[in-house]
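Source file: model_23.pdb. Holds: PDB, C-alpha atoms.
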ATOM      1  CA  MET P   1      12.580  11.007   6.953
ATOM      2  CA  ALA P   2      12.106  10.048   3.299
ATOM      3  CA  ARG P   3       8.858  10.930   1.535
ATOM      4  CA  ILE P   4       7.479   9.454  -1.687
ATOM      5  CA  THR P   5       4.455  10.951  -3.428
ATOM      6  CA  LEU P   6       2.747   9.178  -6.316
ATOM      7  CA  GLU P   7      -0.313  10.106  -8.374
ATOM      8  CA  THR P   8      -2.260   7.535 -10.383
ATOM      9  CA  LEU P   9      -5.297   8.374 -12.524
ATOM     10  CA  ILE P  10      -7.715   5.454 -12.756
ATOM     11  CA  ASN P  11     -10.745   5.111 -15.034
ATOM     12  CA  ALA P  12     -13.037   3.738 -12.323
ATOM     13  CA  PRO P  13     -15.319   5.049  -9.571
ATOM     14  CA  VAL P  14     -13.670   6.287  -6.386
ATOM     15  CA  GLU P  15     -15.477   3.713  -4.186
ATOM     16  CA  ARG P  16     -14.098   0.813  -6.239
ATOM     17  CA  VAL P  17     -10.546   2.179  -6.206
ATOM     18  CA  PHE P  18     -10.742   2.807  -2.456
ATOM     19  CA  ASP P  19     -12.038  -0.702  -1.727
ATOM     20  CA  LEU P  20      -9.372  -2.289  -3.935
ATOM     21  CA  SER P  21      -6.691  -0.321  -2.110
ATOM     22  CA  MET P  22      -7.893  -1.707   1.230
ATOM     23  CA  ASN P  23      -8.265  -5.270  -0.043
ATOM     24  CA  ILE P  24      -5.701  -7.722   1.366
ATOM     25  CA  ASP P  25      -6.156 -10.147  -1.552
ATOM     26  CA  LEU P  26      -5.483  -7.406  -4.115
ATOM     27  CA  HIS P  27      -2.383  -6.372  -2.161
ATOM     28  CA  LYS P  28      -1.085  -9.959  -2.324
ATOM     29  CA  LEU P  29      -1.721  -9.990  -6.075
ATOM     30  CA  SER P  30       0.141  -6.706  -6.527
ATOM     31  CA  MET P  31       3.136  -7.973  -4.534
ATOM     32  CA  ALA P  32       3.387 -11.406  -6.154
ATOM     33  CA  LYS P  33       7.017 -10.889  -7.181
ATOM     34  CA  THR P  34       8.042 -10.486  -3.510
ATOM     35  CA  ASN P  35       5.897 -13.483  -2.457
ATOM     36  CA  GLU P  36       4.114 -11.217   0.032
ATOM     37  CA  GLU P  37       1.717 -13.078   2.300
ATOM     38  CA  ALA P  38      -0.590 -11.909   5.074
ATOM     39  CA  ILE P  39       0.343 -14.150   8.007
ATOM     40  CA  ALA P  40      -1.397 -12.563  11.026
ATOM     41  CA  GLY P  41      -4.202 -10.176  11.837
ATOM     42  CA  ARG P  42      -6.565  -9.588   8.922
ATOM     43  CA  THR P  43      -5.399 -11.974   6.190
ATOM     44  CA  SER P  44      -8.072 -11.570   3.481
ATOM     45  CA  GLY P  45     -10.838  -9.277   2.306
ATOM     46  CA  ILE P  46     -11.094  -5.585   3.088
ATOM     47  CA  ILE P  47      -9.173  -4.409   6.132
ATOM     48  CA  GLN P  48     -10.994  -1.987   8.456
ATOM     49  CA  GLU P  49     -10.000   0.915  10.681
ATOM     50  CA  GLY P  50      -8.275  -0.352  13.829
ATOM     51  CA  GLU P  51      -7.314  -3.688  12.263
ATOM     52  CA  SER P  52      -3.756  -4.777  11.614
ATOM     53  CA  VAL P  53      -2.041  -7.170   9.248
ATOM     54  CA  THR P  54       1.386  -8.756   9.399
ATOM     55  CA  TRP P  55       3.044  -9.254   6.028
ATOM     56  CA  ARG P  56       5.918 -11.609   5.242
ATOM     57  CA  ALA P  57       7.821 -10.943   2.034
ATOM     58  CA  LYS P  58      11.239 -11.130   0.475
ATOM     59  CA  HIS P  59      12.681  -7.668  -0.077
ATOM     60  CA  LEU P  60      16.267  -6.950  -1.036
ATOM     61  CA  GLY P  61      17.068 -10.648  -0.777
ATOM     62  CA  VAL P  62      15.914 -10.898   2.850
ATOM     63  CA  ILE P  63      12.677 -12.356   4.220
ATOM     64  CA  GLN P  64      11.084  -9.643   6.344
ATOM     65  CA  LYS P  65       7.957  -9.153   8.428
ATOM     66  CA  LEU P  66       6.028  -5.903   8.626
ATOM     67  CA  THR P  67       2.991  -5.279  10.826
ATOM     68  CA  VAL P  68       0.815  -2.307   9.925
ATOM     69  CA  LYS P  69      -2.370  -0.944  11.446
ATOM     70  CA  ILE P  70      -5.100   0.998   9.682
ATOM     71  CA  THR P  71      -5.213   4.081  11.903
ATOM     72  CA  LYS P  72      -7.726   6.283  10.073
ATOM     73  CA  VAL P  73     -10.435   5.695   7.473
ATOM     74  CA  ASP P  74     -12.732   8.165   5.725
ATOM     75  CA  ARG P  75     -14.301   6.055   2.965
ATOM     76  CA  PRO P  76     -13.959   6.674   0.042
ATOM     77  CA  ARG P  77     -11.595   9.645   0.416
ATOM     78  CA  TYR P  78      -8.756   8.637   2.718
ATOM     79  CA  PHE P  79      -7.057   6.016   4.816
ATOM     80  CA  LYS P  80      -3.763   5.758   6.610
ATOM     81  CA  ASP P  81      -1.693   2.765   7.649
ATOM     82  CA  GLU P  82       1.227   2.924  10.050
ATOM     83  CA  MET P  83       3.932   0.444  10.937
ATOM     84  CA  LEU P  84       3.695  -1.216  14.331
ATOM     85  CA  LYS P  85       6.679  -3.554  13.843
ATOM     86  CA  GLY P  86       9.163  -4.013  11.037
ATOM     87  CA  ALA P  87      12.482  -3.128   9.480
ATOM     88  CA  PHE P  88      11.843   0.618   9.279
ATOM     89  CA  LYS P  89      12.440   2.939  12.205
ATOM     90  CA  SER P  90       9.058   4.420  11.259
ATOM     91  CA  MET P  91       6.637   4.164   8.341
ATOM     92  CA  ALA P  92       3.306   5.810   7.503
ATOM     93  CA  HIS P  93       1.344   5.558   4.260
ATOM     94  CA  GLU P  94      -1.473   7.970   3.470
ATOM     95  CA  HIS P  95      -3.875   7.009   0.675
ATOM     96  CA  ILE P  96      -5.945   9.875  -0.752
ATOM     97  CA  PHE P  97      -8.712   9.424  -3.338
ATOM     98  CA  GLU P  98     -10.371  12.183  -5.353
ATOM     99  CA  ALA P  99     -13.328  11.584  -7.652
ATOM    100  CA  ARG P 100     -12.895  13.305 -11.015
ATOM    101  CA  GLY P 101     -16.077  12.555 -12.893
ATOM    102  CA  LYS P 102     -15.895   8.858 -13.779
ATOM    103  CA  GLN P 103     -12.203   8.765 -12.907
ATOM    104  CA  THR P 104     -10.324   8.613  -9.623
ATOM    105  CA  LEU P 105      -7.097  10.361  -8.767
ATOM    106  CA  MET P 106      -5.258   8.149  -6.287
ATOM    107  CA  LEU P 107      -2.511   9.870  -4.322
ATOM    108  CA  ASP P 108       0.009   7.978  -2.181
ATOM    109  CA  VAL P 109       2.115   9.766   0.409
ATOM    110  CA  PHE P 110       4.598   7.275   1.841
ATOM    111  CA  GLU P 111       6.961   8.404   4.599
ATOM    112  CA  PHE P 112       9.607   6.209   6.143
ATOM    113  CA  GLU P 113      12.738   6.364   8.166
ATOM    114  CA  SER P 114      15.414   3.715   8.193
ATOM    115  CA  PRO P 115      17.229   2.740  11.352
ATOM    116  CA  PHE P 116      20.957   3.336  11.862
ATOM    117  CA  GLY P 117      21.002   7.156  11.753
ATOM    118  CA  PRO P 118      23.304   8.653   9.100
ATOM    119  CA  ILE P 119      24.005   5.259   7.508
ATOM    120  CA  GLY P 120      20.261   4.635   7.176
ATOM    121  CA  ARG P 121      19.723   8.085   5.615
ATOM    122  CA  LEU P 122      22.500   7.415   3.107
ATOM    123  CA  PHE P 123      20.964   4.011   2.255
ATOM    124  CA  ASN P 124      17.590   5.757   1.731
ATOM    125  CA  ALA P 125      19.109   8.339  -0.603
ATOM    126  CA  LEU P 126      21.217   5.887  -2.608
ATOM    127  CA  PHE P 127      18.827   2.982  -2.913
ATOM    128  CA  LEU P 128      15.786   2.436  -0.691
ATOM    129  CA  ALA P 129      13.687   5.448  -1.776
ATOM    130  CA  ASN P 130      13.908   4.363  -5.440
ATOM    131  CA  TYR P 131      13.142   0.749  -4.518
ATOM    132  CA  MET P 132      10.062   1.782  -2.532
ATOM    133  CA  ARG P 133       8.865   4.191  -5.259
ATOM    134  CA  LYS P 134       9.068   1.395  -7.849
ATOM    135  CA  LEU P 135       7.287  -1.060  -5.541
ATOM    136  CA  LEU P 136       4.439   1.389  -4.875
ATOM    137  CA  ALA P 137       4.141   2.260  -8.579
ATOM    138  CA  GLU P 138       3.878  -1.447  -9.452
ATOM    139  CA  ARG P 139       1.162  -1.873  -6.819
ATOM    140  CA  ASN P 140      -0.728   1.096  -8.222
ATOM    141  CA  GLU P 141      -0.553  -0.327 -11.741
ATOM    142  CA  VAL P 142      -2.204  -3.528 -10.497
ATOM    143  CA  ILE P 143      -4.926  -1.521  -8.733
ATOM    144  CA  LYS P 144      -5.466   0.430 -11.972
ATOM    145  CA  ARG P 145      -5.590  -2.715 -14.132
ATOM    146  CA  VAL P 146      -8.034  -4.502 -11.825
ATOM    147  CA  ALA P 147     -10.244  -1.421 -11.293
ATOM    148  CA  GLU P 148     -10.495  -0.699 -15.014
ATOM    149  CA  SER P 149     -11.329  -4.299 -15.979
ATOM    150  CA  GLU P 150     -13.829  -6.824 -14.684
ATOM    151  CA  GLU P 151     -11.211  -8.435 -12.389
ATOM    152  CA  TRP P 152     -12.439  -6.406  -9.412
ATOM    153  CA  ARG P 153     -15.657  -8.446  -9.330
ATOM    154  CA  LYS P 154     -13.636 -11.479  -8.131
ATOM    155  CA  LEU P 155     -12.516  -9.750  -4.917
ATOM    156  CA  GLU P 156     -14.507  -9.909  -1.685
ATOM    157  CA  GLY P 157     -16.232  -6.714  -0.574
ATOM    158  CA  VAL P 158     -15.366  -4.540  -3.569
ATOM    159  CA  GLU P 159     -18.238  -2.435  -4.963
TER     160      GLU P 159
END

In structure tokens, what does this structure look like?
Amino acid sequence: MARITLETLINAPVERVFDLSMNIDLHKLSMAKTNEEAIAGRTSGIIQEGESVTWRAKHLGVIQKLTVKITKVDRPRYFKDEMLKGAFKSMAHEHIFEARGKQTLMLDVFEFESPFGPIGRLFNALFLANYMRKLLAERNEVIKRVAESEEWRKLEGVE
């Protein structure tokens, strides 16, 4: 199983960063280059524990669908989403938030396993892990930009 860990320091309150991270509309904004759209389940606003969303996006030249469920929430410190259906053999994404004065340390722990055994592991090592790391880093930069500006006020449910 591949594991990606990212840390992002954001000059915004932990509650705002948490809410932005759970906001479907912000996620769509952060994934604009893959034309990611929420097509089933919760499709806008802030997703809640027990809810799921199905995403359709173009990754690696192929249109794919991924259904994830929010399996645990401890606002504003933690949430976890896990794949129900999609191209991975398995996928879990832990989001950890730590208040540091007026800043927030956002930690992503993304674990995934590709199908196809040894061939999938080789694909992870040669390409997919770097692709996913870059994708998550780009998402985090959008969260940071929105949280640190006034853009967050335009999104439903964000405090």

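Using only C-alpha atoms for every distance, the candidate list P:Met132, P:Phe127, P:Leu107, P:Lys65 yields P:Leu107 as the residue closest to Glu7 (chain P).
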
>> Translate the PyMOL selection byres ((chain P and resi 98) around 9) into a concrete residue list for this structure, as a ChimeraX atom specification.
In response: /P:14,76-78,96-97,99-100,103-107

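The closest residue to Arg139 (chain P), picked from P:Asp108, P:Asp19, P:Glu113, P:Glu37 and counting all atoms listed in the file, is P:Asp108.
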
Per residue of region 22-100 of chain P within 10 Å of region 133-138 of chain P, note the shortest atom pair and the distance in Å to one decimal, counting only C-alpha atoms, and order the rows by chain and increasing residue number, as CSV.
residue,atom,partner,partner_atom,distance
P:Ser30,CA,P:Glu138,CA,7.1
P:Met31,CA,P:Leu135,CA,8.1
P:Lys33,CA,P:Leu135,CA,10.0
P:Thr34,CA,P:Leu135,CA,9.7

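Distances to Gly120 (chain P) were evaluated for P:Ser44, P:Arg145, P:Lys154, P:Ala87 using only C-alpha atoms, and the minimum falls at P:Ala87.
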
> What lies within 10 Å of Ala2 (chain P) using all atoms listed in the file, ignoring chain neighbours under 6 positions off, as a list of chain:residue names?
Replying inline: P:Met91, P:Phe110, P:Glu111, P:Phe112, P:Glu113, P:Ser114, P:Arg121, P:Asn124, P:Ala125, P:Leu128, P:Ala129

Which residues would end up in the selection if the PyMOL selection byres ((chain P and resi 35) around 12) were applied here, given that I need the answer as a PDB file with C-alpha atoms, in the coordinates of the input?
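This went into result.pdb:
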ATOM      1  CA  HIS P  27      -2.383  -6.372  -2.161  1.00  0.00           C
ATOM      2  CA  LYS P  28      -1.085  -9.959  -2.324  1.00  0.00           C
ATOM      3  CA  LEU P  29      -1.721  -9.990  -6.075  1.00  0.00           C
ATOM      4  CA  SER P  30       0.141  -6.706  -6.527  1.00  0.00           C
ATOM      5  CA  MET P  31       3.136  -7.973  -4.534  1.00  0.00           C
ATOM      6  CA  ALA P  32       3.387 -11.406  -6.154  1.00  0.00           C
ATOM      7  CA  LYS P  33       7.017 -10.889  -7.181  1.00  0.00           C
ATOM      8  CA  THR P  34       8.042 -10.486  -3.510  1.00  0.00           C
ATOM      9  CA  GLU P  36       4.114 -11.217   0.032  1.00  0.00           C
ATOM     10  CA  GLU P  37       1.717 -13.078   2.300  1.00  0.00           C
ATOM     11  CA  ALA P  38      -0.590 -11.909   5.074  1.00  0.00           C
ATOM     12  CA  ILE P  39       0.343 -14.150   8.007  1.00  0.00           C
ATOM     13  CA  TRP P  55       3.044  -9.254   6.028  1.00  0.00           C
ATOM     14  CA  ARG P  56       5.918 -11.609   5.242  1.00  0.00           C
ATOM     15  CA  ALA P  57       7.821 -10.943   2.034  1.00  0.00           C
ATOM     16  CA  LYS P  58      11.239 -11.130   0.475  1.00  0.00           C
ATOM     17  CA  HIS P  59      12.681  -7.668  -0.077  1.00  0.00           C
ATOM     18  CA  GLY P  61      17.068 -10.648  -0.777  1.00  0.00           C
ATOM     19  CA  VAL P  62      15.914 -10.898   2.850  1.00  0.00           C
ATOM     20  CA  ILE P  63      12.677 -12.356   4.220  1.00  0.00           C
ATOM     21  CA  GLN P  64      11.084  -9.643   6.344  1.00  0.00           C
ATOM     22  CA  LYS P  65       7.957  -9.153   8.428  1.00  0.00           C
TER      23      LYS P  65
END

> So what do you get for CA of Trp152 (chain P) versus CA of Leu84 (chain P), distance-wise?
Replying inline: 29.2 Å

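The residue that comes closest to Ala92 (chain P), out of P:Arg75, P:Arg16, P:Lys69, P:Lys144 and on the basis of only C-alpha atoms, is P:Lys69.
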
> Selected by the PyMOL selection byres ((chain P and resi 49) around 10) in the shown coordinates: which residues, as an MDAnalysis selection string?
Replying inline: chainID P and resid 47:48 50:52 69:74 79:81

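Among the candidate residues P:Ile10, P:Glu15, P:Met22, P:Gly45, the one lying nearest to Glu94 (chain P) is P:Met22, with distances computed using all atoms listed in the file.
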